[in-house]
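Student: Contents of input-v6.tsv (TSV, C-alpha atoms) are given next:
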```tsv
chain	number	residue	atom	x	y	z
A	1	MET	CA	116.95	123.69	-36.41
A	2	GLU	CA	116.63	126.90	-34.38
A	3	ILE	CA	118.01	127.33	-30.90
A	4	PRO	CA	115.37	128.59	-28.43
A	5	VAL	CA	115.92	132.25	-27.53
A	6	GLN	CA	116.34	131.49	-23.81
A	7	ASN	CA	119.19	129.03	-24.51
A	8	ALA	CA	120.81	131.38	-27.02
A	9	ILE	CA	121.44	134.01	-24.32
A	10	PRO	CA	124.88	133.50	-22.81
A	11	LYS	CA	124.78	133.09	-19.05
A	12	SER	CA	126.76	135.64	-17.08
A	13	ARG	CA	128.76	133.26	-14.92
A	14	PHE	CA	129.64	135.82	-12.23
A	15	SER	CA	126.00	136.86	-11.81
A	16	TRP	CA	124.80	133.25	-11.63
A	17	LEU	CA	127.53	132.34	-9.16
A	18	ILE	CA	126.65	135.24	-6.85
A	19	ALA	CA	122.86	135.12	-7.27
A	20	THR	CA	122.76	131.40	-6.47
A	21	PHE	CA	125.26	131.92	-3.62
A	22	PHE	CA	127.83	129.64	-5.21
A	23	GLY	CA	125.22	127.06	-6.21
A	24	ILE	CA	123.41	126.82	-2.87
A	25	GLY	CA	120.29	128.11	-4.63
A	26	HIS	CA	120.06	124.78	-6.43
A	27	LEU	CA	119.81	122.77	-3.18
A	28	GLN	CA	116.37	121.35	-2.53
A	29	PRO	CA	114.14	121.49	-0.68
A	30	GLY	CA	114.17	125.00	0.71
A	31	SER	CA	117.03	126.69	-1.13
A	32	GLY	CA	116.36	129.95	0.78
A	33	THR	CA	116.61	128.16	4.10
A	34	TRP	CA	119.89	126.54	3.03
A	35	ALA	CA	121.29	129.94	2.03
A	36	ALA	CA	120.22	131.55	5.31
A	37	ALA	CA	121.68	128.67	7.34
A	38	VAL	CA	125.01	128.83	5.50
A	39	THR	CA	125.06	132.61	6.04
A	40	VAL	CA	124.63	132.12	9.80
A	41	LEU	CA	127.40	129.50	9.85
A	42	LEU	CA	129.74	131.72	7.81
A	43	TRP	CA	129.08	134.67	10.12
A	44	TRP	CA	129.64	132.50	13.18
A	45	GLY	CA	132.91	131.14	11.79
A	46	GLY	CA	134.14	134.44	10.39
A	47	SER	CA	133.31	136.39	13.52
A	48	HIS	CA	135.93	134.42	15.45
A	49	TRP	CA	138.59	136.18	13.37
A	50	LEU	CA	137.31	139.64	14.34
A	51	GLN	CA	137.86	141.67	17.46
A	52	ALA	CA	134.63	142.42	19.32
A	53	GLY	CA	134.70	146.08	18.33
A	54	TRP	CA	134.70	145.14	14.64
A	55	LEU	CA	131.65	142.86	14.69
A	56	LEU	CA	129.06	145.60	14.22
A	57	PRO	CA	130.81	147.55	11.43
A	58	VAL	CA	131.72	144.36	9.56
A	59	ALA	CA	128.14	143.05	9.82
A	60	VAL	CA	126.76	146.36	8.51
A	61	ALA	CA	129.33	146.50	5.69
A	62	ALA	CA	128.76	142.86	4.72
A	63	SER	CA	124.98	143.37	4.66
A	64	ALA	CA	125.30	146.47	2.50
A	65	LEU	CA	127.81	144.85	0.15
A	66	VAL	CA	125.74	141.71	-0.36
A	67	THR	CA	122.64	143.83	-1.00
A	68	LEU	CA	124.41	146.11	-3.48
A	69	ILE	CA	125.97	143.18	-5.35
A	70	GLY	CA	122.75	141.17	-5.16
A	71	ILE	CA	120.56	143.70	-6.97
A	72	PRO	CA	122.38	143.70	-10.32
A	73	THR	CA	123.32	140.01	-10.23
A	74	SER	CA	119.77	138.88	-9.48
A	75	THR	CA	118.50	141.23	-12.20
A	76	VAL	CA	120.80	139.52	-14.73
A	77	VAL	CA	119.80	136.02	-13.62
A	78	ALA	CA	116.08	136.85	-13.68
A	79	ARG	CA	116.44	138.26	-17.19
A	80	GLU	CA	118.55	135.35	-18.46
A	81	SER	CA	116.32	132.69	-16.90
A	82	GLY	CA	113.12	134.37	-18.04
A	83	ILE	CA	111.71	134.08	-14.50
A	84	LYS	CA	110.65	137.22	-12.60
A	85	ASP	CA	111.78	135.96	-9.17
A	86	PRO	CA	113.67	132.69	-9.59
A	87	GLY	CA	113.61	130.42	-6.54
A	88	PHE	CA	117.24	129.50	-7.13
A	89	VAL	CA	118.30	133.13	-6.63
A	90	VAL	CA	119.18	133.14	-2.92
A	91	ILE	CA	121.53	136.10	-2.58
A	92	ASP	CA	118.48	137.94	-1.24
A	93	GLU	CA	118.27	135.47	1.64
A	94	VAL	CA	121.97	135.98	2.33
A	95	ALA	CA	121.47	139.77	2.55
A	96	GLY	CA	118.34	139.51	4.69
A	97	GLN	CA	119.87	136.98	7.06
A	98	MET	CA	123.02	139.08	7.44
A	99	ILE	CA	120.91	142.15	8.24
A	100	ALA	CA	119.04	140.17	10.92
A	101	LEU	CA	122.35	139.38	12.62
A	102	ILE	CA	123.62	142.97	12.87
A	103	GLY	CA	124.47	143.77	16.48
A	104	VAL	CA	123.51	140.30	17.69
A	105	PRO	CA	125.91	138.52	20.06
A	106	VAL	CA	127.71	135.67	18.34
A	107	HIS	CA	126.22	132.96	20.54
A	108	TRP	CA	124.26	129.99	19.27
A	109	LYS	CA	120.93	130.97	20.85
A	110	TYR	CA	120.95	134.49	19.35
A	111	LEU	CA	122.11	133.23	15.96
A	112	LEU	CA	119.36	130.61	16.01
A	113	ALA	CA	116.77	133.21	17.03
A	114	GLY	CA	117.94	135.47	14.19
A	115	PHE	CA	117.73	132.61	11.73
A	116	ILE	CA	114.22	131.60	12.83
A	117	LEU	CA	112.88	135.16	12.90
A	118	PHE	CA	114.32	135.97	9.49
A	119	ARG	CA	112.89	132.82	7.90
A	120	ILE	CA	109.46	133.50	9.44
A	121	PHE	CA	109.39	137.05	8.11
A	122	ASP	CA	110.75	135.93	4.74
A	123	ILE	CA	108.15	133.19	4.33
A	124	VAL	CA	105.11	135.02	5.77
A	125	LYS	CA	106.02	138.43	4.24
A	126	PRO	CA	103.87	140.66	6.46
A	127	PHE	CA	102.85	144.09	5.18
A	128	PRO	CA	104.58	145.85	3.45
A	129	LEU	CA	107.14	143.19	2.50
A	130	ARG	CA	104.93	141.56	-0.15
A	131	ARG	CA	104.58	144.93	-1.90
A	132	LEU	CA	108.36	145.26	-2.18
A	133	GLU	CA	108.40	142.26	-4.51
A	134	ALA	CA	106.65	144.42	-7.10
A	135	LEU	CA	109.73	146.62	-7.50
A	136	PRO	CA	111.46	146.04	-10.84
A	137	GLY	CA	114.13	143.38	-11.44
A	138	GLY	CA	116.68	142.59	-8.80
A	139	THR	CA	115.45	145.42	-6.60
A	140	GLY	CA	112.15	143.59	-6.06
A	141	ILE	CA	113.94	140.27	-5.60
A	142	MET	CA	116.21	141.73	-2.92
A	143	MET	CA	114.09	144.26	-1.05
A	144	ASP	CA	111.46	141.96	0.43
A	145	ASP	CA	114.27	139.95	2.04
A	146	VAL	CA	116.06	143.11	3.15
A	147	GLY	CA	112.75	144.11	4.77
A	148	ALA	CA	112.39	140.68	6.40
A	149	GLY	CA	115.93	141.06	7.74
A	150	LEU	CA	115.12	144.50	9.13
A	151	ASP	CA	111.96	143.18	10.81
A	152	ALA	CA	113.95	140.33	12.40
A	153	LEU	CA	116.68	142.79	13.42
A	154	VAL	CA	114.19	145.06	15.20
A	155	LEU	CA	112.60	142.16	17.10
A	156	LEU	CA	115.99	140.74	18.06
A	157	GLN	CA	117.20	144.11	19.32
A	158	ILE	CA	114.03	144.59	21.37
A	159	TRP	CA	114.51	141.13	22.83
A	160	LEU	CA	118.20	141.75	23.58
A	161	HIS	CA	117.71	145.17	25.17
A	162	PHE	CA	114.41	144.80	26.99
A	163	ILE	CA	113.67	141.12	27.56
A	164	ALA	CA	116.82	138.97	27.61
```
What does this structure look like when you write it as structure tokens?
Tutor:
Amino acid sequence: MEIPVQNAIPKSRFSWLIATFFGIGHLQPGSGTWAAAVTVLLWWGGSHWLQAGWLLPVAVAASALVTLIGIPTSTVVARESGIKDPGFVVIDEVAGQMIALIGVPVHWKYLLAGFILFRIFDIVKPFPLRRLEALPGGTGIMMDDVGAGLDALVLLQIWLHFIA
């Protein structure tokens, strides 16, 4: 009896752990929404340990780090699962949500606005976000959510500086 090729490939545990955001990607329904919500809660909780002057640089660094780690790990998981953009890979939502929160006051109404805006952009994928999915491997998996995060970030900053 032959083992199917997909099952014969050893899973890279680190990549699966990161790409699924420690298993959150397996929560249903809406694994991306779960990952984004947990990201907001982690940022809210973690921000209390930071001095105000460190919030912006830490948010930028965290966003960059998650994005840079997410590209290769999601590439590995996509290859090992045989799925081009697996729904259980949610590290892209973590990166996008973190980007949306850069420079946003750590107050429930701004965090909620960032969460809602990011999820809208991530789900609707306005131009050119949908085209970013065509990039190869983990780059395509990550970049549409990075773009959604940037779109949410811009709208939040406009709201904060000109409307609120």
Student: Measure the distance from CA of Ile99 in chain A to CA of Gly82 in chain A in Å and round it to one decimal.
Tutor: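 That distance, rounded to one decimal, is 28.5 Å.
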Student: Show me, as a ChimeraX atom specification, the residues that have an atom within 7 Å of Ile102 in chain A when counting only C-alpha atoms, minus same-chain residues fewer than 2 positions from it.
Tutor: /A:56,59-60,98-100,104,153
Student: How many Å lie between CA of Lys109 in chain A and CA of Gly25 in chain A, rounded to one decimal?
Tutor: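 Value for the CA of Lys109 in chain A-CA of Gly25 in chain A distance: 25.6 Å.
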Student: Could you please determine the separation between CA of Leu160 in chain A and CA of Gln97 in chain A in Å, to one decimal place?
Tutor: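 Calculated distance between CA of Leu160 in chain A and CA of Gln97 in chain A is 17.3 Å.
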Student: Of the residues A:Ala19, A:Val154, A:Val106, A:Ala95, which is the one nearest to His48 in chain A, using only C-alpha atoms?
Tutor: A:Val106
Student: Quick one: residues within 8 Å of range 127-140 of chain A, all atoms listed in the file, excluding same-chain residues fewer than 2 positions away - as a list in words?
Tutor: Gly70, Ile71, Pro72, Thr73, Ser74, Thr75, Val76, Ala78, Lys84, Lys125, Met142, Met143, Asp144, Asp145, Gly147 and Ala148 of chain A
Student: Which one is closest to Ile83 in chain A: A:Ile141, A:Ile24, A:Val66, A:Leu155? Count all atoms listed in the file.
Tutor: A:Ile141
Student: Would you mind telling me which residue in A:Trp34, A:Ala64, A:Ile69, A:Phe88 lies nearest to Phe14 in chain A when using only C-alpha atoms?
Tutor: A:Ile69
Student: Rank A:Ile18, A:Val94, A:Val40, A:Ile163 by their smallest atom-to-atom distance to Ser63 in chain A, using only C-alpha atoms, and report the top residue only.
Tutor: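 Result for the nearest residue to Ser63 in chain A: A:Val94.
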Student: From the options A:Ala36, A:Phe118, A:Ser15, A:Glu93, which residue's atoms come nearest to Thr67 in chain A, counting only C-alpha atoms?
Tutor: A:Glu93
Student: Would you pick out the contacts of Gly32 in chain A at 10 Å or less, using all atoms listed in the file, so that residues sharing its chain but fewer than 3 positions from it are not included, and give the list as an MDAnalysis selection string?
Tutor: chainID A and resid 20 24:29 35:38 87:94 119 122:123
Student: Which residue is closest to Phe115 in chain A? Choose from A:Leu42, A:Ala152, A:Ala52, A:Leu65 and count only C-alpha atoms.
Tutor: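 Of A:Leu42, A:Ala152, A:Ala52, A:Leu65, the one nearest Phe115 in chain A is A:Ala152, counting only C-alpha atoms.
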Student: If we count only C-alpha atoms, what is near Lys11 in chain A at a cut-off of 9 Å, once residues fewer than 4 positions away on the same chain are taken out, given as a short mmCIF file (atom, residue, chain, number, x, y, z; two decimals) with C-alpha atoms, in the coordinates of the input?
Tutor:
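What follows is the written file selection_19.cif:
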```cif
data_model
loop_
_atom_site.label_atom_id
_atom_site.label_comp_id
_atom_site.auth_asym_id
_atom_site.auth_seq_id
_atom_site.Cartn_x
_atom_site.Cartn_y
_atom_site.Cartn_z
CA ASN A 7 119.19 129.03 -24.51
CA SER A 15 126.00 136.86 -11.81
CA TRP A 16 124.80 133.25 -11.63
CA VAL A 76 120.80 139.52 -14.73
CA VAL A 77 119.80 136.02 -13.62
CA GLU A 80 118.55 135.35 -18.46
CA SER A 81 116.32 132.69 -16.90
#
```
